[in-house]
Every structure is written in C-alpha cells, then in structure tokens.
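Asker: Just dropping this structure here.
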Amino acid sequence: MIRTSGKNPVVDAGVAAVVGAAIGGTLASLAAAGTGWFTVRVARLQKETQQAEAARQRRFESLRERREPRSKAYADLLDAGQEVLDLLRSSSYTENMAERIDNLYSTARKRRAAVAIVGPEPVALSATELLRNVAVMRNEVMHLRRFSGISDVEVALELFTRAARAALEDDGDGPPGSG
C-alpha cells in the first residue's frame with residue numbers, strides 16, 4: 001500500500017523514478033569514471049614496466065656484444081703480464097733480460113691501450129696500474145740491472161684479473177656504468 005500525504009500517488013512515483021534514474025545514472029557514471037581511471041593507471045604502469053624491461057634488455061645485449069672483444073683484450077694483457085712474471089721468476093739478471101723485458105713492456109703497453117678502449121673504467125684503471133708496475137720492473141732491469149718488485153707485479157696482475165672477471169660476469173642487471 002502506498003501512502004500519500006494528500007498528493008497524487010502517480011506524481012510521487014514519477015519523482016521517485018526520476019530520482020532513482022538520476023542516482024543510477026550518477027552511480028553508473030562514477031563507476032565508468034573509476035573504471036576508466038583504473039584502466040589508464042594500469043596501462044601507464046604496463047608501459048613503464050615495458051620501457052624498463054626494454055632498457056634492461058638493451059643493456060644486456062650491449063654487454064653481450066662487448067663481452068667478446070673485452071675478453072680478448074683482457075686475456076692478451078693477462079698473457080703479457082704473466083710473461084713478465086715468468087721472465088722475472090725464471091732467472092737472475094742476464095744481458096738479454098733487459099731486451100726481453102723491454103719487448104714485453106712494449107707489448108703490455110699496446111695491450112693495455114686495447115683494454116683502455118674496451119673498458120669499463122675499473123678494468124682500465126687496474127690495467128694502468130699493472131703497466132705501471134711492469135714499467136718499474138723494466139726500469140730496474142734496464143738501468144739498475146736488478147729487480148726487486150716482482151710481488152708488486154703479481155699483486156697488480158691479480159687485481160687486474162679480478163676486475164676483468166667482474167666486468168665479464170656483469171649480466172646487465174647492475175647499475176649503469178658498471179659494465
């Protein structure tokens with residue numbers, strides 16, 4: 001039973017229908033706006049995630065492409081450093097030792113230049129330190145006809161080896177500039 005306060009019950013039902021339709025329309029509009037906002041937000045997050053993944057993939061591919069030339073440059077310098085150590089360990093001073101160490105120093109210098117080009121900076125710096133220690137040994141042999149700092153060359157060679165290994169093991173997930 002519909003109760004009225006003396007007014008026309010059809011008018012009250014009409015007003016109720018209009019108010020109900022307005023409320024329903026408002027709620028539908030709010031739901032659509034909320035859904036639209038949510039859809040835009042999800043799309044933005046998906047785009048950001050895709051961009052981040054694409055950047056990570058580009059970095060990984062770049063590192064992979066540089067890994068082979070780096071590996072060769074590092075191995076060549078390690079070979080030269082090891083040859084210096086082998087020469088110094090093999091004998092005491094001889095006349096041809098000065099010429100041999102000078103040739104090895106020249107080779108190491110050229111190979112250090114290749115490492116400086118392929119990088120990264122920590123490896124290039126450790127290569128420079130290795131070359132500096134080889135130069136000290138070369139100067140001692142050539143000018144003083146003795147050598148005392150073989151352990152300095154060994155330490156520098158080990159530090160270079162560690163830096164090279166770290167650079168080659170970089171998978172692209174680290175911070176930029178480490179690879």
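For the structure tokens, the naming scheme is as follows: chains receive sequential letters (A, B, ...) according to their order of presentation, residues are indexed from 1 within each chain, and ligands are indexed from 1 in presentation order.
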For region 45-95 of chain A against region 101-106 of chain A, with a cut-off of 10 Å and counting only C-alpha atoms, what is the closest atom pair and its distance in Å to one decimal for every residue that makes the cut, ordered by chain and number, as JSON lines?
Answerer:
{"residue": "A:Ala80", "atom": "CA", "partner": "A:Leu104", "partner_atom": "CA", "distance": 6.5}
{"residue": "A:Gly81", "atom": "CA", "partner": "A:Leu104", "partner_atom": "CA", "distance": 8.2}
{"residue": "A:Gln82", "atom": "CA", "partner": "A:Leu104", "partner_atom": "CA", "distance": 9.9}
{"residue": "A:Glu83", "atom": "CA", "partner": "A:Leu104", "partner_atom": "CA", "distance": 7.3}
{"residue": "A:Val84", "atom": "CA", "partner": "A:Leu104", "partner_atom": "CA", "distance": 6.5}
{"residue": "A:Leu85", "atom": "CA", "partner": "A:Ile101", "partner_atom": "CA", "distance": 9.9}
{"residue": "A:Leu87", "atom": "CA", "partner": "A:Ile101", "partner_atom": "CA", "distance": 7.6}
{"residue": "A:Leu88", "atom": "CA", "partner": "A:Ile101", "partner_atom": "CA", "distance": 8.7}
Asker: Write out as a compact mmCIF listing (two decimals) with C-alpha atoms, in the first residue's frame each polymer residue whose atoms come within 12 Å of Glu121 (chain A), counting only C-alpha atoms; drop sequence neighbours fewer than 2 positions from it.
Answerer:
# COMPACT_ATOMS: atom_id res chain seq x y z
CA VAL A 115 91.86 -2.61 -22.52
CA ALA A 116 91.54 1.15 -22.02
CA ILE A 117 89.34 1.31 -25.12
CA VAL A 118 87.03 -1.61 -24.31
CA GLY A 119 86.77 -0.68 -20.60
CA VAL A 123 89.34 -2.60 -15.51
CA ALA A 124 91.14 0.14 -17.44
CA LEU A 125 92.45 1.62 -14.17
CA SER A 126 93.71 -1.74 -12.93
CA ALA A 127 95.36 -2.32 -16.34
CA THR A 128 97.13 1.02 -15.99
CA PHE A 160 93.51 -6.74 -12.92
CA ALA A 163 88.43 -6.51 -12.24
CA ALA A 164 88.34 -8.21 -15.65
CA ALA A 166 83.84 -8.85 -12.64
CA ALA A 167 83.37 -6.93 -15.89
CA GLY A 177 78.31 2.32 -15.69
CA SER A 178 79.45 -0.91 -14.03
CA GLY A 179 79.61 -2.71 -17.39
Asker: When distances are computed from only C-alpha atoms, which of A:Ala43, A:Ala28, A:Ala21, A:Arg64 shows the smallest separation from Glu169 (chain A)?
Answerer: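 Comparing A:Ala43, A:Ala28, A:Ala21, A:Arg64 against Glu169 (chain A), the winner is A:Arg64.
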Asker: When you draw a straight line from CA of Val141 (chain A) to CA of Met97 (chain A), how long is it in Å?
Answerer: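 Separation of CA of Val141 (chain A) and CA of Met97 (chain A): 7.6 Å.
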Asker: In region 90-177 of chain A, what's alpha helix (DSSP H) per DSSP? Answer as a compact mmCIF listing (two decimals) with all heavy atoms, in the first residue's frame?
Answerer:
# COMPACT_ATOMS: atom_id res chain seq x y z
N SER A 90 112.17 -16.70 -13.73
CA SER A 90 112.98 -17.74 -14.36
C SER A 90 114.46 -17.64 -14.05
O SER A 90 115.16 -18.63 -14.06
CB SER A 90 112.77 -17.73 -15.87
OG SER A 90 113.32 -16.54 -16.43
N GLU A 95 122.21 -10.49 -19.58
CA GLU A 95 122.30 -9.40 -20.56
C GLU A 95 121.07 -9.31 -21.46
O GLU A 95 120.61 -8.23 -21.75
CB GLU A 95 123.57 -9.57 -21.42
CG GLU A 95 124.86 -9.27 -20.67
CD GLU A 95 124.91 -7.85 -20.12
OE1 GLU A 95 124.49 -6.90 -20.80
OE2 GLU A 95 125.36 -7.68 -18.97
N ASN A 96 120.58 -10.45 -21.90
CA ASN A 96 119.42 -10.39 -22.80
C ASN A 96 118.11 -10.14 -22.06
O ASN A 96 117.08 -9.91 -22.67
CB ASN A 96 119.34 -11.63 -23.69
CG ASN A 96 118.89 -12.85 -22.93
OD1 ASN A 96 118.89 -12.88 -21.71
ND2 ASN A 96 118.53 -13.87 -23.68
N MET A 97 118.16 -10.20 -20.73
CA MET A 97 116.95 -9.96 -19.94
C MET A 97 116.43 -8.54 -20.16
O MET A 97 115.22 -8.33 -20.27
CB MET A 97 117.20 -10.22 -18.46
CG MET A 97 115.96 -10.08 -17.62
SD MET A 97 116.36 -10.43 -15.92
CE MET A 97 114.97 -11.42 -15.46
N ALA A 98 117.33 -7.57 -20.22
CA ALA A 98 116.91 -6.19 -20.41
C ALA A 98 116.16 -6.03 -21.73
O ALA A 98 115.11 -5.38 -21.79
CB ALA A 98 118.12 -5.26 -20.37
N GLU A 99 116.66 -6.64 -22.76
CA GLU A 99 115.99 -6.56 -24.06
C GLU A 99 114.65 -7.28 -24.04
O GLU A 99 113.64 -6.78 -24.55
CB GLU A 99 116.89 -7.16 -25.14
CG GLU A 99 116.28 -7.09 -26.53
CD GLU A 99 117.17 -7.73 -27.58
OE1 GLU A 99 118.40 -7.81 -27.38
OE2 GLU A 99 116.62 -8.16 -28.60
N ARG A 100 114.62 -8.44 -23.41
CA ARG A 100 113.37 -9.21 -23.35
C ARG A 100 112.30 -8.48 -22.55
O ARG A 100 111.14 -8.43 -22.97
CB ARG A 100 113.64 -10.59 -22.74
CG ARG A 100 114.40 -11.51 -23.70
CD ARG A 100 114.69 -12.86 -23.11
NE ARG A 100 113.45 -13.58 -22.81
CZ ARG A 100 113.39 -14.56 -21.92
NH1 ARG A 100 114.45 -14.94 -21.25
NH2 ARG A 100 112.24 -15.17 -21.69
N ILE A 101 112.68 -7.91 -21.40
CA ILE A 101 111.67 -7.21 -20.60
C ILE A 101 111.22 -5.93 -21.29
O ILE A 101 110.06 -5.53 -21.18
CB ILE A 101 112.13 -6.96 -19.15
CG1 ILE A 101 110.89 -6.69 -18.28
CG2 ILE A 101 113.10 -5.82 -19.06
CD1 ILE A 101 111.10 -6.81 -16.81
N ASP A 102 112.12 -5.29 -22.03
CA ASP A 102 111.73 -4.10 -22.78
C ASP A 102 110.70 -4.47 -23.85
O ASP A 102 109.71 -3.76 -24.05
CB ASP A 102 112.96 -3.44 -23.41
CG ASP A 102 112.63 -2.08 -23.98
OD1 ASP A 102 111.95 -1.29 -23.29
OD2 ASP A 102 113.05 -1.79 -25.12
N ASN A 103 110.91 -5.59 -24.53
CA ASN A 103 109.94 -6.06 -25.53
C ASN A 103 108.60 -6.42 -24.89
O ASN A 103 107.54 -6.10 -25.42
CB ASN A 103 110.49 -7.26 -26.30
CG ASN A 103 111.62 -6.89 -27.22
OD1 ASN A 103 111.76 -5.74 -27.64
ND2 ASN A 103 112.47 -7.86 -27.53
N LEU A 104 108.67 -7.09 -23.73
CA LEU A 104 107.43 -7.45 -23.04
C LEU A 104 106.69 -6.20 -22.56
O LEU A 104 105.45 -6.14 -22.62
CB LEU A 104 107.72 -8.38 -21.86
CG LEU A 104 108.13 -9.80 -22.23
CD1 LEU A 104 108.55 -10.57 -20.98
CD2 LEU A 104 106.99 -10.51 -22.96
N TYR A 105 107.43 -5.21 -22.09
CA TYR A 105 106.81 -3.96 -21.65
C TYR A 105 106.10 -3.29 -22.84
O TYR A 105 104.96 -2.81 -22.71
CB TYR A 105 107.84 -3.01 -21.04
CG TYR A 105 107.27 -1.64 -20.76
CD1 TYR A 105 106.39 -1.44 -19.71
CD2 TYR A 105 107.59 -0.57 -21.59
CE1 TYR A 105 105.85 -0.18 -19.48
CE2 TYR A 105 107.05 0.69 -21.36
CZ TYR A 105 106.18 0.88 -20.30
OH TYR A 105 105.64 2.11 -20.07
N SER A 106 106.74 -3.26 -23.97
CA SER A 106 106.15 -2.67 -25.17
C SER A 106 104.86 -3.40 -25.55
O SER A 106 103.84 -2.77 -25.87
CB SER A 106 107.15 -2.72 -26.32
OG SER A 106 106.59 -2.19 -27.49
N THR A 107 104.89 -4.71 -25.50
CA THR A 107 103.69 -5.50 -25.80
C THR A 107 102.59 -5.21 -24.78
O THR A 107 101.43 -5.02 -25.16
CB THR A 107 104.04 -7.00 -25.79
OG1 THR A 107 105.03 -7.24 -26.79
CG2 THR A 107 102.82 -7.86 -26.04
N ALA A 108 102.94 -5.18 -23.51
CA ALA A 108 101.95 -4.92 -22.45
C ALA A 108 101.35 -3.53 -22.62
O ALA A 108 100.15 -3.33 -22.41
CB ALA A 108 102.59 -5.07 -21.08
N ARG A 109 102.16 -2.56 -23.01
CA ARG A 109 101.68 -1.19 -23.21
C ARG A 109 100.62 -1.15 -24.31
O ARG A 109 99.58 -0.53 -24.17
CB ARG A 109 102.85 -0.26 -23.53
CG ARG A 109 102.48 1.21 -23.47
CD ARG A 109 103.65 2.13 -23.72
NE ARG A 109 103.98 2.07 -25.14
CZ ARG A 109 105.15 1.71 -25.63
NH1 ARG A 109 106.13 1.39 -24.84
NH2 ARG A 109 105.35 1.68 -26.93
N LYS A 110 100.88 -1.85 -25.41
CA LYS A 110 99.91 -1.90 -26.52
C LYS A 110 98.63 -2.61 -26.08
O LYS A 110 97.53 -2.20 -26.43
CB LYS A 110 100.52 -2.60 -27.72
CG LYS A 110 101.63 -1.80 -28.38
CD LYS A 110 102.32 -2.60 -29.46
CE LYS A 110 103.54 -1.84 -29.98
NZ LYS A 110 104.37 -2.67 -30.85
N ARG A 111 98.79 -3.67 -25.34
CA ARG A 111 97.61 -4.43 -24.90
C ARG A 111 96.82 -3.65 -23.85
O ARG A 111 95.61 -3.76 -23.78
CB ARG A 111 98.04 -5.80 -24.40
CG ARG A 111 98.53 -6.66 -25.56
CD ARG A 111 99.01 -8.00 -25.14
NE ARG A 111 99.41 -8.78 -26.31
CZ ARG A 111 99.93 -9.98 -26.23
NH1 ARG A 111 100.11 -10.55 -25.06
NH2 ARG A 111 100.27 -10.62 -27.33
N ARG A 112 97.50 -2.87 -23.03
CA ARG A 112 96.80 -2.02 -22.06
C ARG A 112 95.96 -0.97 -22.79
O ARG A 112 94.86 -0.63 -22.38
CB ARG A 112 97.77 -1.33 -21.12
CG ARG A 112 97.04 -0.68 -19.95
CD ARG A 112 97.44 0.73 -19.57
NE ARG A 112 97.85 1.62 -20.58
CZ ARG A 112 97.09 2.62 -21.07
NH1 ARG A 112 95.86 2.79 -20.66
NH2 ARG A 112 97.58 3.45 -21.96
N ALA A 113 96.47 -0.47 -23.92
CA ALA A 113 95.71 0.50 -24.70
C ALA A 113 94.40 -0.12 -25.19
O ALA A 113 93.35 0.53 -25.17
CB ALA A 113 96.55 1.00 -25.88
N ALA A 114 94.43 -1.37 -25.60
CA ALA A 114 93.21 -2.04 -26.05
C ALA A 114 92.22 -2.17 -24.88
O ALA A 114 91.01 -1.97 -25.05
CB ALA A 114 93.53 -3.41 -26.63
N VAL A 115 92.73 -2.49 -23.70
CA VAL A 115 91.86 -2.61 -22.52
C VAL A 115 91.26 -1.25 -22.18
O VAL A 115 90.09 -1.15 -21.82
CB VAL A 115 92.64 -3.19 -21.32
CG1 VAL A 115 91.84 -3.08 -20.04
CG2 VAL A 115 93.02 -4.64 -21.60
N ALA A 116 92.04 -0.19 -22.31
CA ALA A 116 91.54 1.15 -22.02
C ALA A 116 90.37 1.50 -22.94
O ALA A 116 89.43 2.19 -22.54
CB ALA A 116 92.65 2.18 -22.14
N ILE A 117 90.41 1.01 -24.16
CA ILE A 117 89.34 1.31 -25.12
C ILE A 117 88.08 0.51 -24.81
O ILE A 117 86.98 1.06 -24.81
CB ILE A 117 89.81 1.03 -26.57
CG1 ILE A 117 90.86 2.06 -26.96
CG2 ILE A 117 88.65 1.03 -27.54
CD1 ILE A 117 91.58 1.76 -28.24
N VAL A 118 88.21 -0.78 -24.53
CA VAL A 118 87.03 -1.61 -24.31
C VAL A 118 86.45 -1.46 -22.91
O VAL A 118 85.30 -1.82 -22.68
CB VAL A 118 87.29 -3.10 -24.65
CG1 VAL A 118 87.64 -3.25 -26.11
CG2 VAL A 118 88.33 -3.72 -23.77
N GLU A 121 85.79 1.36 -16.88
CA GLU A 121 86.81 2.15 -16.20
C GLU A 121 87.55 1.39 -15.09
O GLU A 121 88.78 1.49 -15.02
CB GLU A 121 86.20 3.43 -15.63
CG GLU A 121 87.24 4.37 -15.08
CD GLU A 121 86.65 5.70 -14.65
OE1 GLU A 121 85.49 5.99 -14.96
OE2 GLU A 121 87.37 6.46 -13.99
N PRO A 122 86.88 0.63 -14.22
CA PRO A 122 87.65 -0.09 -13.18
C PRO A 122 88.70 -1.03 -13.77
O PRO A 122 89.81 -1.17 -13.23
CB PRO A 122 86.59 -0.86 -12.40
CG PRO A 122 85.32 -0.12 -12.63
CD PRO A 122 85.43 0.44 -14.03
N VAL A 123 88.38 -1.68 -14.87
CA VAL A 123 89.34 -2.60 -15.51
C VAL A 123 90.46 -1.80 -16.15
O VAL A 123 91.64 -2.16 -16.04
CB VAL A 123 88.64 -3.50 -16.55
CG1 VAL A 123 89.64 -4.43 -17.21
CG2 VAL A 123 87.51 -4.28 -15.91
N ALA A 124 90.12 -0.70 -16.81
CA ALA A 124 91.14 0.14 -17.44
C ALA A 124 92.11 0.70 -16.39
O ALA A 124 93.32 0.75 -16.62
CB ALA A 124 90.49 1.28 -18.22
N LEU A 125 91.58 1.09 -15.24
CA LEU A 125 92.45 1.62 -14.17
C LEU A 125 93.37 0.53 -13.62
O LEU A 125 94.56 0.79 -13.37
CB LEU A 125 91.60 2.23 -13.05
CG LEU A 125 90.85 3.50 -13.41
CD1 LEU A 125 89.93 3.92 -12.27
CD2 LEU A 125 91.82 4.63 -13.76
N SER A 126 92.85 -0.67 -13.44
CA SER A 126 93.71 -1.74 -12.93
C SER A 126 94.73 -2.15 -13.99
O SER A 126 95.85 -2.55 -13.65
CB SER A 126 92.89 -2.94 -12.45
OG SER A 126 92.20 -3.53 -13.52
N ALA A 127 94.39 -2.04 -15.26
CA ALA A 127 95.36 -2.32 -16.34
C ALA A 127 96.48 -1.29 -16.32
O ALA A 127 97.66 -1.62 -16.51
CB ALA A 127 94.66 -2.32 -17.69
N THR A 128 96.13 -0.04 -16.08
CA THR A 128 97.13 1.02 -15.99
C THR A 128 98.06 0.78 -14.81
O THR A 128 99.28 0.97 -14.92
CB THR A 128 96.44 2.40 -15.88
OG1 THR A 128 95.65 2.60 -17.05
CG2 THR A 128 97.44 3.52 -15.75
N GLU A 129 97.51 0.34 -13.71
CA GLU A 129 98.33 0.05 -12.53
C GLU A 129 99.26 -1.13 -12.80
O GLU A 129 100.44 -1.12 -12.41
CB GLU A 129 97.43 -0.24 -11.32
CG GLU A 129 98.18 -0.48 -10.04
CD GLU A 129 99.01 0.71 -9.56
OE1 GLU A 129 98.79 1.86 -10.01
OE2 GLU A 129 99.93 0.49 -8.73
N LEU A 130 98.76 -2.14 -13.49
CA LEU A 130 99.62 -3.27 -13.86
C LEU A 130 100.77 -2.78 -14.74
O LEU A 130 101.93 -3.13 -14.50
CB LEU A 130 98.80 -4.33 -14.60
CG LEU A 130 99.59 -5.49 -15.22
CD1 LEU A 130 100.35 -6.27 -14.14
CD2 LEU A 130 98.66 -6.41 -16.00
N LEU A 131 100.46 -1.98 -15.73
CA LEU A 131 101.50 -1.47 -16.63
C LEU A 131 102.52 -0.62 -15.87
O LEU A 131 103.71 -0.69 -16.14
CB LEU A 131 100.89 -0.68 -17.78
CG LEU A 131 101.89 -0.29 -18.86
CD1 LEU A 131 102.41 -1.53 -19.57
CD2 LEU A 131 101.26 0.67 -19.85
N ARG A 132 102.03 0.17 -14.92
CA ARG A 132 102.95 0.99 -14.12
C ARG A 132 103.94 0.11 -13.36
O ARG A 132 105.13 0.39 -13.32
CB ARG A 132 102.17 1.88 -13.14
CG ARG A 132 103.04 2.90 -12.41
CD ARG A 132 102.28 3.60 -11.29
NE ARG A 132 101.93 2.71 -10.20
CZ ARG A 132 102.79 2.23 -9.31
NH1 ARG A 132 104.08 2.53 -9.38
NH2 ARG A 132 102.39 1.45 -8.33
N ASN A 133 103.45 -0.98 -12.79
CA ASN A 133 104.33 -1.89 -12.06
C ASN A 133 105.30 -2.61 -12.99
O ASN A 133 106.46 -2.83 -12.63
CB ASN A 133 103.51 -2.90 -11.26
CG ASN A 133 102.96 -2.28 -9.99
OD1 ASN A 133 103.69 -2.03 -9.05
ND2 ASN A 133 101.68 -1.99 -9.99
N VAL A 134 104.84 -2.96 -14.18
CA VAL A 134 105.74 -3.58 -15.16
C VAL A 134 106.80 -2.56 -15.57
O VAL A 134 107.98 -2.92 -15.73
CB VAL A 134 104.95 -4.12 -16.38
CG1 VAL A 134 105.90 -4.54 -17.49
CG2 VAL A 134 104.06 -5.28 -15.96
N ALA A 135 106.42 -1.30 -15.72
CA ALA A 135 107.38 -0.25 -16.10
C ALA A 135 108.45 -0.08 -15.02
O ALA A 135 109.64 0.09 -15.34
CB ALA A 135 106.66 1.07 -16.34
N VAL A 136 108.05 -0.14 -13.76
CA VAL A 136 109.02 -0.05 -12.67
C VAL A 136 110.02 -1.20 -12.76
O VAL A 136 111.24 -0.99 -12.65
CB VAL A 136 108.30 -0.04 -11.30
CG1 VAL A 136 109.29 -0.25 -10.15
CG2 VAL A 136 107.53 1.27 -11.12
N MET A 137 109.50 -2.41 -13.00
CA MET A 137 110.39 -3.56 -13.13
C MET A 137 111.31 -3.39 -14.35
O MET A 137 112.50 -3.69 -14.28
CB MET A 137 109.58 -4.85 -13.28
CG MET A 137 108.80 -5.22 -12.05
SD MET A 137 109.84 -5.43 -10.60
CE MET A 137 110.87 -6.74 -11.15
N ARG A 138 110.76 -2.95 -15.46
CA ARG A 138 111.55 -2.73 -16.68
C ARG A 138 112.68 -1.75 -16.40
O ARG A 138 113.84 -1.98 -16.79
CB ARG A 138 110.64 -2.19 -17.78
CG ARG A 138 111.36 -1.77 -19.03
CD ARG A 138 110.39 -1.01 -19.94
NE ARG A 138 111.11 -0.34 -20.99
CZ ARG A 138 111.53 0.93 -20.94
NH1 ARG A 138 111.29 1.65 -19.87
NH2 ARG A 138 112.17 1.45 -21.94
N ASN A 139 112.36 -0.64 -15.73
CA ASN A 139 113.39 0.36 -15.43
C ASN A 139 114.47 -0.19 -14.51
O ASN A 139 115.65 0.11 -14.70
CB ASN A 139 112.75 1.62 -14.84
CG ASN A 139 111.92 2.36 -15.87
OD1 ASN A 139 112.09 2.18 -17.06
ND2 ASN A 139 111.00 3.18 -15.38
N ILE A 150 108.91 -7.82 -7.80
CA ILE A 150 108.12 -8.84 -8.51
C ILE A 150 106.76 -9.02 -7.86
O ILE A 150 105.77 -9.22 -8.55
CB ILE A 150 108.89 -10.18 -8.62
CG1 ILE A 150 108.15 -11.11 -9.58
CG2 ILE A 150 109.07 -10.82 -7.28
CD1 ILE A 150 108.94 -12.34 -9.93
N SER A 151 106.68 -8.88 -6.53
CA SER A 151 105.39 -9.06 -5.87
C SER A 151 104.42 -7.94 -6.24
O SER A 151 103.21 -8.15 -6.28
CB SER A 151 105.56 -9.15 -4.35
OG SER A 151 106.06 -7.92 -3.86
N ASP A 152 104.94 -6.73 -6.53
CA ASP A 152 104.07 -5.64 -6.96
C ASP A 152 103.40 -5.97 -8.29
O ASP A 152 102.23 -5.69 -8.51
CB ASP A 152 104.85 -4.33 -7.10
CG ASP A 152 105.37 -3.82 -5.76
OD1 ASP A 152 104.81 -4.22 -4.71
OD2 ASP A 152 106.32 -3.03 -5.77
N VAL A 153 104.15 -6.59 -9.19
CA VAL A 153 103.59 -7.00 -10.48
C VAL A 153 102.57 -8.11 -10.25
O VAL A 153 101.50 -8.12 -10.87
CB VAL A 153 104.70 -7.44 -11.46
CG1 VAL A 153 104.11 -8.00 -12.75
CG2 VAL A 153 105.63 -6.28 -11.76
N GLU A 154 102.87 -9.05 -9.36
CA GLU A 154 101.94 -10.14 -9.07
C GLU A 154 100.62 -9.61 -8.51
O GLU A 154 99.54 -10.02 -8.93
CB GLU A 154 102.55 -11.12 -8.06
CG GLU A 154 103.63 -11.98 -8.64
CD GLU A 154 104.31 -12.84 -7.57
OE1 GLU A 154 104.61 -12.33 -6.48
OE2 GLU A 154 104.53 -14.02 -7.87
N VAL A 155 100.71 -8.68 -7.57
CA VAL A 155 99.51 -8.10 -6.96
C VAL A 155 98.70 -7.34 -8.01
O VAL A 155 97.48 -7.48 -8.11
CB VAL A 155 99.87 -7.18 -5.77
CG1 VAL A 155 98.68 -6.36 -5.32
CG2 VAL A 155 100.44 -8.00 -4.62
N ALA A 156 99.38 -6.53 -8.82
CA ALA A 156 98.69 -5.77 -9.87
C ALA A 156 98.03 -6.69 -10.88
O ALA A 156 96.92 -6.43 -11.35
CB ALA A 156 99.65 -4.81 -10.55
N LEU A 157 98.70 -7.79 -11.20
CA LEU A 157 98.13 -8.76 -12.15
C LEU A 157 96.89 -9.42 -11.54
O LEU A 157 95.88 -9.60 -12.23
CB LEU A 157 99.18 -9.81 -12.53
CG LEU A 157 98.80 -10.75 -13.67
CD1 LEU A 157 98.58 -9.98 -14.96
CD2 LEU A 157 99.90 -11.78 -13.88
N GLU A 158 96.93 -9.74 -10.28
CA GLU A 158 95.78 -10.35 -9.60
C GLU A 158 94.61 -9.36 -9.53
O GLU A 158 93.46 -9.73 -9.78
CB GLU A 158 96.16 -10.82 -8.19
CG GLU A 158 95.00 -11.37 -7.40
CD GLU A 158 94.36 -12.62 -8.02
OE1 GLU A 158 95.01 -13.35 -8.75
OE2 GLU A 158 93.15 -12.83 -7.76
N LEU A 159 94.88 -8.11 -9.21
CA LEU A 159 93.82 -7.11 -9.16
C LEU A 159 93.20 -6.88 -10.54
O LEU A 159 91.99 -6.72 -10.67
CB LEU A 159 94.35 -5.79 -8.58
CG LEU A 159 94.74 -5.84 -7.11
CD1 LEU A 159 95.36 -4.52 -6.67
CD2 LEU A 159 93.55 -6.20 -6.23
N PHE A 160 94.03 -6.87 -11.56
CA PHE A 160 93.51 -6.74 -12.92
C PHE A 160 92.64 -7.94 -13.27
O PHE A 160 91.56 -7.79 -13.85
CB PHE A 160 94.65 -6.59 -13.94
CG PHE A 160 94.15 -6.63 -15.36
CD1 PHE A 160 93.49 -5.54 -15.89
CD2 PHE A 160 94.31 -7.77 -16.13
CE1 PHE A 160 92.99 -5.59 -17.20
CE2 PHE A 160 93.82 -7.81 -17.43
CZ PHE A 160 93.16 -6.72 -17.96
N THR A 161 93.08 -9.13 -12.90
CA THR A 161 92.31 -10.34 -13.17
C THR A 161 90.93 -10.27 -12.52
O THR A 161 89.91 -10.59 -13.14
CB THR A 161 93.07 -11.59 -12.68
OG1 THR A 161 94.34 -11.64 -13.32
CG2 THR A 161 92.30 -12.87 -12.95
N ARG A 162 90.87 -9.84 -11.27
CA ARG A 162 89.59 -9.73 -10.57
C ARG A 162 88.68 -8.70 -11.23
O ARG A 162 87.48 -8.93 -11.39
CB ARG A 162 89.82 -9.34 -9.11
CG ARG A 162 90.42 -10.46 -8.29
CD ARG A 162 90.63 -10.03 -6.88
NE ARG A 162 91.37 -11.04 -6.14
CZ ARG A 162 91.77 -10.89 -4.90
NH1 ARG A 162 91.53 -9.76 -4.25
NH2 ARG A 162 92.44 -11.85 -4.30
N ALA A 163 89.24 -7.55 -11.59
CA ALA A 163 88.43 -6.51 -12.24
C ALA A 163 87.91 -7.00 -13.59
O ALA A 163 86.75 -6.76 -13.94
CB ALA A 163 89.25 -5.22 -12.41
N ALA A 164 88.76 -7.69 -14.34
CA ALA A 164 88.34 -8.21 -15.65
C ALA A 164 87.24 -9.24 -15.49
O ALA A 164 86.25 -9.23 -16.22
CB ALA A 164 89.55 -8.82 -16.37
N ARG A 165 87.39 -10.12 -14.53
CA ARG A 165 86.37 -11.16 -14.30
C ARG A 165 85.03 -10.52 -13.92
O ARG A 165 83.98 -10.90 -14.43
CB ARG A 165 86.83 -12.11 -13.19
CG ARG A 165 85.91 -13.30 -13.01
CD ARG A 165 86.38 -14.28 -11.93
NE ARG A 165 87.73 -14.74 -12.19
CZ ARG A 165 88.76 -14.57 -11.34
NH1 ARG A 165 88.58 -13.94 -10.19
NH2 ARG A 165 89.95 -15.01 -11.64
N ALA A 166 85.07 -9.53 -13.04
CA ALA A 166 83.84 -8.85 -12.64
C ALA A 166 83.16 -8.19 -13.84
O ALA A 166 81.94 -8.25 -13.98
CB ALA A 166 84.14 -7.82 -11.56
N ALA A 167 83.94 -7.58 -14.70
CA ALA A 167 83.37 -6.93 -15.89
C ALA A 167 82.75 -7.95 -16.83
O ALA A 167 81.69 -7.71 -17.40
CB ALA A 167 84.43 -6.11 -16.61
N LEU A 168 83.39 -9.09 -16.98
CA LEU A 168 82.87 -10.11 -17.89
C LEU A 168 81.65 -10.82 -17.31
O LEU A 168 80.81 -11.32 -18.06
CB LEU A 168 83.95 -11.13 -18.22
CG LEU A 168 85.10 -10.60 -19.10
CD1 LEU A 168 86.18 -11.65 -19.24
CD2 LEU A 168 84.59 -10.14 -20.45
N GLU A 169 81.53 -10.86 -15.99
CA GLU A 169 80.39 -11.53 -15.36
C GLU A 169 79.19 -10.62 -15.21
O GLU A 169 78.10 -11.08 -14.85
CB GLU A 169 80.80 -12.07 -13.99
CG GLU A 169 81.75 -13.25 -14.09
CD GLU A 169 82.28 -13.72 -12.75
OE1 GLU A 169 82.02 -13.04 -11.72
OE2 GLU A 169 82.96 -14.75 -12.73
Asker: I'd like the interatomic distance between CA of Leu27 (chain A) and CA of Lys47 (chain A), to a tenth of an Å.
Answerer: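 It comes out at 29.8 Å.
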Asker: Pick the closest to Ser71 (chain A) from A:Gly25, A:Thr35, A:Gln57, A:Pro120: which is it, counting only C-alpha atoms?
Answerer: A:Pro120
